[in-house]
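A short write-up of the structure that comes next.
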Amino acid sequence: MLLKPLTDSFIRSAEFATLRDGLGRRLAVEGIAPSSFPFIAASVFNDDPRQTLVIVKNRQAMLDAVTDLCCWTDHSRVFALPAWETLPYEFVSPPENIERERITSLYRLIGGEPGIFVAPVESLVRLLPSRAFLLQKGISLEAGEDYPFDDIVHTLAAYGFTREYRVETYGQFSVKGGIIDVYLPTADNPVRLDFFGDTLETIREFDPESQISLSKLDGVTVYPRKELILSKREHKAVADELERAHSRKLQVPELAGGEKGDILHHGSIPGIEDLFPLIVDPATLLSLAREDARIIVFDPIDCAAARDAIVKTFSELYRRRHAHAYCLPPEKLIAPEAMEQARDRALDLQVFTTTPGAVQMKLRSIPNYHGKIKMVREELADRLAEDWRVYVCTGFEGQARRLYDLLSELSPSSSFEAIEPGSSLSILISPLKEGFELVEQKALVLTDHEIFGKAYRKKKHFKRKGSRPIESFLDLEIGDRVVHINHGIGFFRGIERMTASGVERDFLIIEYAGGDKLYVSLDQITMVQKFVGMDGREVRIDALGKKSAWNRIKERVQKSVEEIANELMHIYSRRRALKGYQFPPDTVWQEEFESQFEYDETPDQITAIEDIKDDMEKAEPMDRLVCGDVGFGKTEVAIRAAFKAVMAGKQVAVLVPTTVLAMQHYSTFSRRFADYPITIETVSRFRSRGEIAEAKRRLTAGSLDIIIGTHALLAKDVLIKNLGLIVIDEEQRFGVMHKEKLKKLRTQVDVVTLSATPIPRTLHMSLAGIRDLSIISTPPENRQSIETYVIEENPDIVRMAILKEIERGGQVFYVHNRVQTIDAQAAALRELVPEASSVIAHGQMPEHELEDVIIDFLARKYDILISTSIIESGLDMPNVNTIIINRADTFGLSQLYQLKGRVGRSITQAYAYLTYPRHIALSETAQKRLSVIAEYSDLGSGFKIAMKDMEIRGSGNILGREQSGNIMDVGFDLYCQMLEDAVRRLKGERPLRMFRTPVFMKTNFFIPETYIADERQKIEFYKRFESCELIEEVDELEKEMTDRFGHPPGEVRILVELEKIRTIASTLMVGEILEDSRGVRIRISGDSRIDVKRLLALIKKDKRFSLDPVDKEVLHFRPGALTEEKKLDELKKCLQQMI
């Protein structure tokens, strides 16, 4: 909306008046730049804010149009209406995010809401449920009104919402007493419906991560989770028809591992989008819009071609499938004539002049300056001299500030971040894709695309939620492994309520070897951690009692941890004593060089860059490790360090483990340094002997600034005259001898090591002060999420997925993880898609041959790389945005996550197809694994487990392989705790241990199932209460509990009071609080922080308190005949008086 003032001035022009007069009938506007299409559409809407339907050729065009329209008008009035993005007749339903976008927009459209609805041609021509069908569903709820509570619960289930104990993502709901939590597909945050009986007292929005309420709402409308939610009658009608088709030996939808009869018992049918006309009247998108809705078509020639391609796809797939699968004919599913019906009353926006009577406008494209800032400045100076208004747009704040510094001097009335009245030059943070000029208005809109030759933009997306830490126990399932600090690794078997010493409380059950069980009171839950190890590794289960080897294992790991900590501390201390080269502070050239970076740096990148510069400017040699996934910006960090070194007259060596990586780095470095007199060369087998010899000569002479190569750079005949910085990429992949040589170099020059394997922040904290680490864990903001499909093996889907990627200029990974059959699979794939060129890669190929294949693929000589799971993790292949994983059911979760992450490395929409064999019943584990990888892109337990697996592998890379085994022996969390303790002892500090006063009161305290039914959330609250250090934290936790689950019952109120007593007593370092038949005994230890004067004053004032005549460290409290809650309240007040 930042640019809306420009549409306001355009609306007042004579050009627009001509256009306005022709709206409502078929009208063409021609001779205009494609980048101006959204501007014209937004101007039409801003002039008369009524329902407006914008038709574009495909999904990418829709995403681009939505982003641009939001720059020109109120973003809350712009809606995407994507197609289902599924192939017909394959019985696959759309991904959750597509369903969510569609349901959000469709109900606004049929409700007559004014707004701009952007739809690809496929959404226009593909039939969808009628207005009447959609309007049957949807209930409006208002605070203060009465609604039958049970009816609301039943409605949510009928609308396709899944009932969970905790609501975290779209389409879930939970019931907790009189509270219903639900995450509506149309909302950014879930809502909490708080009932008293059947009265809806309050509606509160809440944070899905913390679960805490945010704000009150007056009302909310509940729509179905997806548009094709069927009633029982409709569901049965479809199921009956499919049963009849199945009896005729036709293929019909089936659930993974299920029988045909399962259809009757599930709330949704896979691929119902291709079957709904059996029971629902179909309609077109046009019929759902208001009769007076405006229609605007972006490039009708491209849209018509897209329509024809859709018709061809439906016809071809129907011809190939209908003989052996249940298929409705294309005319039942698509309405190609909708395109012409739309154009009969549409405003056509097109580049070329082909239509008689078309309106001509002077909105022209701008030439590309390809980063030549001087030319940009000259052009803008000329325009400003001729009284033009100039608007420079970039999607990133850092870039906007750099451009303001470069351009603001051209105009004394320049403005930043806003269009100011009277300002002739405005630098704006706006993700507009491309600019254009309005000749009649003398206005120039310029973007990154024209200035730098590339478009960098932040994508518009639904609000993402951060993921919870796995340590929270919320991901704990019965049967999972847990670690008790004193007893070792066992299986979690649930929670049981038991009476011990006359007191009823909750116990966590851990089963050890031989079936022995340990019962841990949940007020001692901090002794238990969830075991986190590596995917696919066998884990030992410990024994209890005399047979236990746990203490011996723990001692062995402790000794090993102390040795590694000692070694790291020794290396760190020795390096601190060495004298290295002290680089000078940044120069003006450094600032200019960094200003040319096209993206906004992520916070982690900025921190890493600052850490490295600080290290370089110190007297001792730098040795810093930078960890982060591929594409997160590690190379840019290294490039800036290299530039700083070269500016100080030093030479730089970049060491990589493979020739392929050397080529990639050479290309990246050369592009970044193109505008500076910095010489770069690479040494690899793709260079001739003469070229390598010349490079070595120049290194020795000091005339070559940066050399990039493999371990060949470590050879004795490579002499670098003035080496100042070494950048090592993926050091763990070098051999032992090379690592030893690198160890020596670390004591002589500054070293930056890059690793694509992430490490956890817990390990980062444990190593603080003995290993210089920088972690880049935040991805660039313009990343697209990966649309993931879990499907039965189907040649038609594979063929269409490959062709779809090739047609948009991309490449494909096809993963087949058996070397023995990969040639046969490749032959079948070539026969299936003869139009595509392909090449095979696997780990048993000779190294040089494998490198050649990868390099040819990177050079785009092939469309498809048919590979085992060795697809190189360190490589950045932004042009590969479709991955097909054959037999995905045979991969581990972290393997699947890593493979899926090989695509989606750029701003292009990426797709992952995970296939499993037809007619093979998947194991429950495989089903769960596939559903996790399909549902979550960056949240949910599956993601965190996969990340933990990779992080532990990354920890092994840093600490050594032996430590990976130690981590598996005691669990990751306990290992990190031991390492941190060892480091603190070496630094002369006390290990961090939170003192907790044991409290034994003769009163029942537990959380009943009627209050919190989910064991995982129950454990979470016990653990969080145990972690409280201040009474205010206990109060906040009590408020949160009340907010989420309603007013607590008596047993929970007693638990809360006990935790307040324990927290105060722990602050005072009270040794123990014990209730017996004579009263309450408070043991005051020698380390106690009790104020003695206040204690004596309390004893003197209140006769219920007295010191033990024999044991002077014991204070007696005899409360008399008080209720449990009153007794605890008096004890709490007494302790508070001693602070």
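Simple scheme: letters A, B, ... for chains in structure tokens order, numbers from 1 for residues in each chain, numbers from 1 for ligands in the order shown.
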Exercise for the section: Find the spatial neighbours of range 1055-1071 of chain A, counting only C-alpha atoms, within a cut-off of 7 Å - ignore same-chain residues fewer than 6 positions away - and output them as a list in words. Expected result: Phe995, Arg996, Thr997, Val999, Phe1005, Phe1006, Phe1025, Cys1028, Glu1029, Leu1030, Ile1031, Val1034, Arg1083, Ile1084, Ser1085, Asp1087, Ser1088, Arg1089, Ile1090, Leu1128, Lys1132, Leu1135, Gln1136 and Ile1139 of chain A
File of the preceding selection, C-alpha atoms, as a PDB file, in the first residue's frame:
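Saved the output as result-v9.pdb:
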ATOM      1  CA  PHE A 995      18.947 -25.642  44.065  1.00  0.00           C
ATOM      2  CA  ARG A 996      15.459 -27.023  44.828  1.00  0.00           C
ATOM      3  CA  THR A 997      14.265 -27.465  48.422  1.00  0.00           C
ATOM      4  CA  VAL A 999       9.096 -30.321  50.229  1.00  0.00           C
ATOM      5  CA  PHE A1005      -1.425 -32.684  45.013  1.00  0.00           C
ATOM      6  CA  PHE A1006      -1.776 -33.731  41.366  1.00  0.00           C
ATOM      7  CA  PHE A1025       6.706 -25.443  37.829  1.00  0.00           C
ATOM      8  CA  CYS A1028      10.481 -21.582  38.489  1.00  0.00           C
ATOM      9  CA  GLU A1029      13.003 -19.480  40.429  1.00  0.00           C
ATOM     10  CA  LEU A1030      10.685 -16.622  41.428  1.00  0.00           C
ATOM     11  CA  ILE A1031       7.221 -16.672  42.964  1.00  0.00           C
ATOM     12  CA  VAL A1034       4.687 -19.456  39.527  1.00  0.00           C
ATOM     13  CA  ARG A1083      15.520 -27.472  58.145  1.00  0.00           C
ATOM     14  CA  ILE A1084      17.800 -24.431  57.982  1.00  0.00           C
ATOM     15  CA  SER A1085      21.118 -25.508  56.432  1.00  0.00           C
ATOM     16  CA  ASP A1087      24.214 -22.251  53.462  1.00  0.00           C
ATOM     17  CA  SER A1088      20.824 -20.728  54.275  1.00  0.00           C
ATOM     18  CA  ARG A1089      20.088 -17.160  53.212  1.00  0.00           C
ATOM     19  CA  ILE A1090      17.430 -16.620  55.928  1.00  0.00           C
ATOM     20  CA  LEU A1128       0.026 -23.765  53.025  1.00  0.00           C
ATOM     21  CA  LYS A1132       4.189 -19.363  52.508  1.00  0.00           C
ATOM     22  CA  LEU A1135       8.849 -17.959  54.551  1.00  0.00           C
ATOM     23  CA  GLN A1136       8.268 -14.639  52.807  1.00  0.00           C
ATOM     24  CA  ILE A1139      13.668 -12.951  53.085  1.00  0.00           C
TER      25      ILE A1139
END
Practice task
Would you mind telling me which residue in A:Tyr223, A:Gln350, A:Glu1026, A:Thr882 lies nearest to Gly904 in chain A when using only C-alpha atoms?
Solution key: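 Between A:Tyr223, A:Gln350, A:Glu1026, A:Thr882, the residue approaching Gly904 in chain A most closely is A:Thr882.
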Quick one: everything within 12 Å of Arg290 in chain A, counting only C-alpha atoms, minus sequence neighbours fewer than 3 positions away in the same chain. Send it as an mmCIF file with N, CA and C atoms, in the first residue's frame.
data_model
loop_
_atom_site.group_PDB
_atom_site.id
_atom_site.type_symbol
_atom_site.label_atom_id
_atom_site.label_comp_id
_atom_site.auth_asym_id
_atom_site.auth_seq_id
_atom_site.Cartn_x
_atom_site.Cartn_y
_atom_site.Cartn_z
ATOM 1 N N ARG A 50 -14.814 -2.269 -5.417
ATOM 2 C CA ARG A 50 -15.795 -3.353 -5.491
ATOM 3 C C ARG A 50 -15.055 -4.659 -5.768
ATOM 4 N N GLN A 51 -15.803 -5.758 -5.750
ATOM 5 C CA GLN A 51 -15.184 -7.064 -5.999
ATOM 6 C C GLN A 51 -14.538 -7.090 -7.387
ATOM 7 N N THR A 52 -13.262 -7.456 -7.425
ATOM 8 C CA THR A 52 -12.485 -7.460 -8.671
ATOM 9 C C THR A 52 -11.777 -8.795 -8.815
ATOM 10 N N LEU A 53 -11.982 -9.439 -9.940
ATOM 11 C CA LEU A 53 -11.363 -10.743 -10.213
ATOM 12 C C LEU A 53 -10.245 -10.549 -11.235
ATOM 13 N N ARG A 108 -14.901 -15.370 1.255
ATOM 14 C CA ARG A 108 -14.957 -13.905 1.093
ATOM 15 C C ARG A 108 -15.615 -13.573 -0.251
ATOM 16 N N LEU A 109 -15.307 -14.356 -1.265
ATOM 17 C CA LEU A 109 -15.858 -14.118 -2.601
ATOM 18 C C LEU A 109 -17.375 -14.319 -2.613
ATOM 19 N N ILE A 110 -17.849 -15.446 -2.090
ATOM 20 C CA ILE A 110 -19.305 -15.703 -2.123
ATOM 21 C C ILE A 110 -20.050 -14.808 -1.141
ATOM 22 N N GLY A 111 -19.303 -14.245 -0.170
ATOM 23 C CA GLY A 111 -19.935 -13.305 0.762
ATOM 24 C C GLY A 111 -20.054 -11.904 0.187
ATOM 25 N N GLY A 112 -19.562 -11.721 -1.042
ATOM 26 C CA GLY A 112 -19.668 -10.417 -1.697
ATOM 27 C C GLY A 112 -18.680 -9.392 -1.194
ATOM 28 N N GLU A 113 -17.667 -9.840 -0.466
ATOM 29 C CA GLU A 113 -16.704 -8.912 0.131
ATOM 30 C C GLU A 113 -15.912 -8.186 -0.955
ATOM 31 N N PRO A 114 -15.781 -6.851 -0.853
ATOM 32 C CA PRO A 114 -14.951 -6.138 -1.837
ATOM 33 C C PRO A 114 -13.487 -6.503 -1.662
ATOM 34 N N GLY A 115 -12.798 -6.675 -2.771
ATOM 35 C CA GLY A 115 -11.389 -7.027 -2.708
ATOM 36 C C GLY A 115 -10.913 -7.432 -4.088
ATOM 37 N N PHE A 117 -9.346 -10.428 -6.052
ATOM 38 C CA PHE A 117 -9.156 -11.876 -5.975
ATOM 39 C C PHE A 117 -8.336 -12.314 -7.190
ATOM 40 N N ARG A 131 -22.299 -22.359 -5.090
ATOM 41 C CA ARG A 131 -22.509 -21.385 -4.024
ATOM 42 C C ARG A 131 -23.398 -21.977 -2.927
ATOM 43 N N LEU A 285 -15.905 -20.302 -11.143
ATOM 44 C CA LEU A 285 -15.501 -19.207 -10.264
ATOM 45 C C LEU A 285 -16.324 -17.947 -10.551
ATOM 46 N N LEU A 286 -16.623 -17.720 -11.833
ATOM 47 C CA LEU A 286 -17.402 -16.533 -12.213
ATOM 48 C C LEU A 286 -18.755 -16.505 -11.528
ATOM 49 N N SER A 287 -19.395 -17.683 -11.396
ATOM 50 C CA SER A 287 -20.740 -17.734 -10.818
ATOM 51 C C SER A 287 -20.730 -17.488 -9.312
ATOM 52 N N ALA A 293 -19.163 -7.708 -10.328
ATOM 53 C CA ALA A 293 -17.711 -7.806 -10.112
ATOM 54 C C ALA A 293 -16.952 -7.413 -11.369
ATOM 55 N N ARG A 294 -15.849 -6.712 -11.170
ATOM 56 C CA ARG A 294 -14.973 -6.361 -12.286
ATOM 57 C C ARG A 294 -14.072 -7.547 -12.604
ATOM 58 N N ILE A 295 -13.736 -7.707 -13.879
ATOM 59 C CA ILE A 295 -12.816 -8.780 -14.288
ATOM 60 C C ILE A 295 -11.679 -8.147 -15.078
#
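Nearest-residue note for Ala418 in chain A: choosing from A:Val392, A:Ile776, A:Met1001, A:Val482, the minimum distance belongs to A:Val392, counting only C-alpha atoms.
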Exercise for the section: Compare A:His665, A:Arg12, A:Arg902, A:Arg733 by their minimum atom-to-atom distance to Gln441 in chain A, counting only C-alpha atoms, and give me the closest one. Expected result: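 Using only C-alpha atoms, the shortest distance to Gln441 in chain A belongs to A:Arg12.
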Handout entry: Nearby residues (only C-alpha atoms) at most 12 Å from Ala158 in chain A, same-chain spacing under 4 positions excluded, as a list in words
Key = Lys137, Gly138, Asp151, Ile152, Val153, His154, Thr162, Arg163, Gly171, Phe173, Val222, Tyr223, Pro224, Arg225, Lys226, Leu228, Ile229, Leu230, Ser231, Lys232, His235, His266, Gly267 and Ser268 of chain A
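The environment of range 1091-1096 of chain A within 7 Å, counting only C-alpha atoms and disregarding residues fewer than 2 places along the same chain, consists of A:Arg1089, A:Leu1098, A:Ile1099, A:Lys1100, A:Gln1137, A:Met1138, A:Ile1139.
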Exercise for the section: Enumerate as an NGL selection string all residues of range 704-899 of chain A assigned to strand (DSSP E) by DSSP on the backbone, naming them with the chain letters and numbers the document uses. Expected result: :A and (706-709 or 723-729 or 750-755 or 772-776 or 786-792 or 811-815 or 838-841 or 864-867 or 880-885)
Filtering to N, CA and C atoms, could you give me those residues as a short mmCIF file (atom, residue, chain, number, x, y, z; two decimals), in the first residue's frame?
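Okay, result_28.cif is ready:
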data_model
loop_
_atom_site.label_atom_id
_atom_site.label_comp_id
_atom_site.auth_asym_id
_atom_site.auth_seq_id
_atom_site.Cartn_x
_atom_site.Cartn_y
_atom_site.Cartn_z
N ILE A 706 43.43 -14.24 -4.40
CA ILE A 706 42.61 -15.33 -3.82
C ILE A 706 42.80 -16.60 -4.65
N ILE A 707 43.09 -17.69 -3.97
CA ILE A 707 43.21 -18.99 -4.65
C ILE A 707 42.15 -19.93 -4.06
N ILE A 708 41.43 -20.63 -4.93
CA ILE A 708 40.39 -21.57 -4.50
C ILE A 708 40.76 -22.95 -5.03
N GLY A 709 40.77 -23.96 -4.17
CA GLY A 709 41.13 -25.29 -4.62
C GLY A 709 40.88 -26.36 -3.60
N LEU A 723 50.24 -15.00 2.92
CA LEU A 723 48.96 -15.61 3.31
C LEU A 723 48.43 -14.97 4.60
N GLY A 724 47.21 -14.49 4.55
CA GLY A 724 46.62 -13.86 5.73
C GLY A 724 45.36 -14.52 6.23
N LEU A 725 44.66 -15.26 5.34
CA LEU A 725 43.38 -15.88 5.73
C LEU A 725 43.19 -17.19 4.96
N ILE A 726 42.75 -18.22 5.68
CA ILE A 726 42.35 -19.48 5.05
C ILE A 726 40.86 -19.69 5.35
N VAL A 727 40.10 -19.98 4.29
CA VAL A 727 38.69 -20.35 4.46
C VAL A 727 38.59 -21.84 4.14
N ILE A 728 38.13 -22.64 5.10
CA ILE A 728 38.01 -24.09 4.91
C ILE A 728 36.53 -24.45 4.87
N ASP A 729 36.10 -25.07 3.78
CA ASP A 729 34.69 -25.47 3.65
C ASP A 729 34.56 -26.97 3.88
N ASP A 750 44.95 -16.52 10.17
CA ASP A 750 43.53 -16.52 10.52
C ASP A 750 42.81 -17.59 9.70
N VAL A 751 41.92 -18.33 10.37
CA VAL A 751 41.19 -19.41 9.72
C VAL A 751 39.69 -19.28 9.99
N VAL A 752 38.89 -19.37 8.91
CA VAL A 752 37.43 -19.46 9.04
C VAL A 752 37.02 -20.80 8.45
N THR A 753 36.31 -21.61 9.23
CA THR A 753 35.83 -22.90 8.76
C THR A 753 34.33 -22.84 8.58
N LEU A 754 33.86 -23.31 7.43
CA LEU A 754 32.43 -23.32 7.13
C LEU A 754 31.91 -24.75 7.20
N SER A 755 30.74 -24.94 7.83
CA SER A 755 30.14 -26.28 7.90
C SER A 755 28.65 -26.20 7.58
N ASP A 772 35.51 -20.84 19.28
CA ASP A 772 34.83 -19.70 18.66
C ASP A 772 33.85 -20.20 17.59
N LEU A 773 32.57 -20.09 17.88
CA LEU A 773 31.52 -20.60 17.00
C LEU A 773 30.55 -19.51 16.60
N SER A 774 30.12 -19.53 15.34
CA SER A 774 29.01 -18.66 14.90
C SER A 774 27.98 -19.57 14.22
N ILE A 775 26.73 -19.44 14.61
CA ILE A 775 25.67 -20.29 14.05
C ILE A 775 24.75 -19.43 13.19
N ILE A 776 24.52 -19.86 11.95
CA ILE A 776 23.55 -19.19 11.07
C ILE A 776 22.37 -20.15 10.92
N ILE A 786 8.19 -25.64 0.51
CA ILE A 786 8.20 -26.75 -0.46
C ILE A 786 6.85 -27.46 -0.42
N GLU A 787 6.15 -27.47 -1.55
CA GLU A 787 4.88 -28.19 -1.60
C GLU A 787 5.17 -29.68 -1.74
N THR A 788 4.65 -30.45 -0.80
CA THR A 788 5.02 -31.86 -0.69
C THR A 788 3.81 -32.76 -0.90
N TYR A 789 3.98 -33.78 -1.72
CA TYR A 789 2.92 -34.74 -2.02
C TYR A 789 3.42 -36.14 -1.67
N VAL A 790 2.65 -36.87 -0.86
CA VAL A 790 2.93 -38.28 -0.58
C VAL A 790 1.94 -39.10 -1.40
N ILE A 791 2.43 -39.87 -2.36
CA ILE A 791 1.54 -40.52 -3.33
C ILE A 791 2.00 -41.95 -3.63
N GLU A 792 1.05 -42.76 -4.09
CA GLU A 792 1.41 -44.07 -4.61
C GLU A 792 2.25 -43.87 -5.88
N GLN A 811 15.26 -27.93 -13.23
CA GLN A 811 15.80 -29.29 -13.31
C GLN A 811 15.21 -30.13 -12.17
N VAL A 812 15.43 -31.45 -12.26
CA VAL A 812 14.76 -32.39 -11.36
C VAL A 812 15.77 -33.35 -10.74
N PHE A 813 15.62 -33.62 -9.42
CA PHE A 813 16.30 -34.74 -8.77
C PHE A 813 15.34 -35.92 -8.75
N TYR A 814 15.82 -37.08 -9.18
CA TYR A 814 15.03 -38.31 -9.03
C TYR A 814 15.87 -39.25 -8.17
N VAL A 815 15.40 -39.55 -6.96
CA VAL A 815 16.18 -40.33 -6.01
C VAL A 815 15.72 -41.79 -6.02
N SER A 838 18.66 -37.08 -19.15
CA SER A 838 18.95 -37.47 -17.77
C SER A 838 20.32 -38.10 -17.66
N VAL A 839 20.84 -38.15 -16.43
CA VAL A 839 22.15 -38.71 -16.17
C VAL A 839 22.12 -39.36 -14.79
N ILE A 840 22.93 -40.42 -14.61
CA ILE A 840 22.94 -41.19 -13.36
C ILE A 840 24.13 -40.79 -12.50
N ALA A 841 23.91 -40.77 -11.17
CA ALA A 841 25.00 -40.51 -10.22
C ALA A 841 24.80 -41.40 -9.00
N ILE A 864 17.43 -34.08 -15.73
CA ILE A 864 17.16 -34.91 -14.55
C ILE A 864 18.46 -35.55 -14.06
N LEU A 865 18.69 -35.48 -12.74
CA LEU A 865 19.77 -36.23 -12.12
C LEU A 865 19.15 -37.42 -11.39
N ILE A 866 19.40 -38.63 -11.93
CA ILE A 866 18.89 -39.85 -11.30
C ILE A 866 19.98 -40.33 -10.36
N SER A 867 19.70 -40.31 -9.07
CA SER A 867 20.78 -40.45 -8.10
C SER A 867 20.33 -41.28 -6.90
N VAL A 880 17.33 -26.42 -9.30
CA VAL A 880 16.64 -27.70 -9.10
C VAL A 880 15.52 -27.48 -8.08
N ASN A 881 14.28 -27.54 -8.56
CA ASN A 881 13.17 -27.22 -7.67
C ASN A 881 12.06 -28.27 -7.67
N THR A 882 12.37 -29.45 -8.20
CA THR A 882 11.47 -30.60 -8.04
C THR A 882 12.31 -31.80 -7.67
N ILE A 883 11.89 -32.52 -6.62
CA ILE A 883 12.56 -33.76 -6.24
C ILE A 883 11.51 -34.86 -6.16
N ILE A 884 11.81 -36.01 -6.77
CA ILE A 884 10.93 -37.17 -6.72
C ILE A 884 11.71 -38.27 -5.99
N ILE A 885 11.20 -38.72 -4.86
CA ILE A 885 11.89 -39.74 -4.05
C ILE A 885 11.15 -41.06 -4.21
#
Practice task
May I ask which of the residues A:Asp856, A:Asp274, A:Glu90, A:Glu85 is the closest one to Ile797 in chain A, counting only C-alpha atoms?
Solution key: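 When distances to Ile797 in chain A are compared using only C-alpha atoms, the smallest one comes from A:Glu90.
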Handout entry: Within 12 Å of His75 in chain A using only C-alpha atoms, minus same-chain residues under 5 positions, as a ChimeraX atom specification
Key = /A:1-4,42,46,65-70,80,115-117,460-461
Write out, as a PDB file, in the first residue's frame, the residues just selected, with N, CA and C atoms.
ATOM      1  N   MET A   1       0.821  -1.215   0.000  1.00  0.00           N
ATOM      2  CA  MET A   1       0.000   0.000   0.000  1.00  0.00           C
ATOM      3  C   MET A   1       0.857   1.268   0.000  1.00  0.00           C
ATOM      4  N   LEU A   2       2.157   1.079   0.240  1.00  0.00           N
ATOM      5  CA  LEU A   2       3.085   2.210   0.340  1.00  0.00           C
ATOM      6  C   LEU A   2       3.031   3.099  -0.896  1.00  0.00           C
ATOM      7  N   LEU A   3       2.770   2.475  -2.063  1.00  0.00           N
ATOM      8  CA  LEU A   3       2.801   3.213  -3.328  1.00  0.00           C
ATOM      9  C   LEU A   3       1.419   3.722  -3.758  1.00  0.00           C
ATOM     10  N   LYS A   4       0.422   3.592  -2.911  1.00  0.00           N
ATOM     11  CA  LYS A   4      -0.938   3.980  -3.282  1.00  0.00           C
ATOM     12  C   LYS A   4      -1.047   5.440  -3.746  1.00  0.00           C
ATOM     13  N   ALA A  42      -4.866  -2.284  -9.550  1.00  0.00           N
ATOM     14  CA  ALA A  42      -5.030  -1.647  -8.237  1.00  0.00           C
ATOM     15  C   ALA A  42      -5.676  -0.267  -8.378  1.00  0.00           C
ATOM     16  N   ASN A  46      -8.885   0.897  -6.476  1.00  0.00           N
ATOM     17  CA  ASN A  46      -8.822   2.054  -5.572  1.00  0.00           C
ATOM     18  C   ASN A  46      -9.835   3.128  -5.972  1.00  0.00           C
ATOM     19  N   ALA A  65       1.608 -11.432  -8.786  1.00  0.00           N
ATOM     20  CA  ALA A  65       0.573 -10.392  -8.868  1.00  0.00           C
ATOM     21  C   ALA A  65       0.095  -9.998  -7.476  1.00  0.00           C
ATOM     22  N   VAL A  66      -0.085 -10.985  -6.593  1.00  0.00           N
ATOM     23  CA  VAL A  66      -0.536 -10.686  -5.222  1.00  0.00           C
ATOM     24  C   VAL A  66       0.478  -9.791  -4.525  1.00  0.00           C
ATOM     25  N   THR A  67       1.759 -10.134  -4.642  1.00  0.00           N
ATOM     26  CA  THR A  67       2.799  -9.326  -3.989  1.00  0.00           C
ATOM     27  C   THR A  67       2.803  -7.901  -4.534  1.00  0.00           C
ATOM     28  N   ASP A  68       2.732  -7.748  -5.856  1.00  0.00           N
ATOM     29  CA  ASP A  68       2.742  -6.406  -6.460  1.00  0.00           C
ATOM     30  C   ASP A  68       1.487  -5.616  -6.113  1.00  0.00           C
ATOM     31  N   LEU A  69       0.328  -6.271  -6.149  1.00  0.00           N
ATOM     32  CA  LEU A  69      -0.926  -5.569  -5.825  1.00  0.00           C
ATOM     33  C   LEU A  69      -0.897  -5.020  -4.404  1.00  0.00           C
ATOM     34  N   CYS A  70      -0.266  -5.771  -3.488  1.00  0.00           N
ATOM     35  CA  CYS A  70      -0.183  -5.310  -2.099  1.00  0.00           C
ATOM     36  C   CYS A  70       0.681  -4.056  -1.958  1.00  0.00           C
ATOM     37  N   ALA A  80      -5.425 -14.398  -2.687  1.00  0.00           N
ATOM     38  CA  ALA A  80      -5.016 -15.395  -3.685  1.00  0.00           C
ATOM     39  C   ALA A  80      -6.070 -16.494  -3.747  1.00  0.00           C
ATOM     40  N   GLY A 115     -12.798  -6.675  -2.771  1.00  0.00           N
ATOM     41  CA  GLY A 115     -11.389  -7.027  -2.708  1.00  0.00           C
ATOM     42  C   GLY A 115     -10.913  -7.432  -4.088  1.00  0.00           C
ATOM     43  N   ILE A 116      -9.602  -7.604  -4.212  1.00  0.00           N
ATOM     44  CA  ILE A 116      -9.028  -8.089  -5.474  1.00  0.00           C
ATOM     45  C   ILE A 116      -8.700  -9.567  -5.289  1.00  0.00           C
ATOM     46  N   PHE A 117      -9.346 -10.428  -6.052  1.00  0.00           N
ATOM     47  CA  PHE A 117      -9.156 -11.876  -5.975  1.00  0.00           C
ATOM     48  C   PHE A 117      -8.336 -12.314  -7.190  1.00  0.00           C
ATOM     49  N   LYS A 460       5.051 -12.847   0.161  1.00  0.00           N
ATOM     50  CA  LYS A 460       3.888 -12.727   1.041  1.00  0.00           C
ATOM     51  C   LYS A 460       3.442 -14.138   1.399  1.00  0.00           C
ATOM     52  N   HIS A 461       3.287 -14.401   2.678  1.00  0.00           N
ATOM     53  CA  HIS A 461       2.860 -15.747   3.047  1.00  0.00           C
ATOM     54  C   HIS A 461       2.032 -15.679   4.322  1.00  0.00           C
TER      55      HIS A 461
END
Problem - range 525-530 of chain A surroundings by only C-alpha atoms, 12 Å radius, close-in-sequence under 6 positions cut, as a VMD selection string - result: chain A and resid 469 to 492 495 506 to 510 518 to 519 945 970 to 975 977 993 to 996 1016 1018 to 1028
Problem - Selected residue, from A:Glu241, A:Asp281, A:Asp586, A:Asp1111, that lies nearest to Asp614 in chain A when counting only C-alpha atoms - result: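 Nearest to Asp614 in chain A: A:Asp586.
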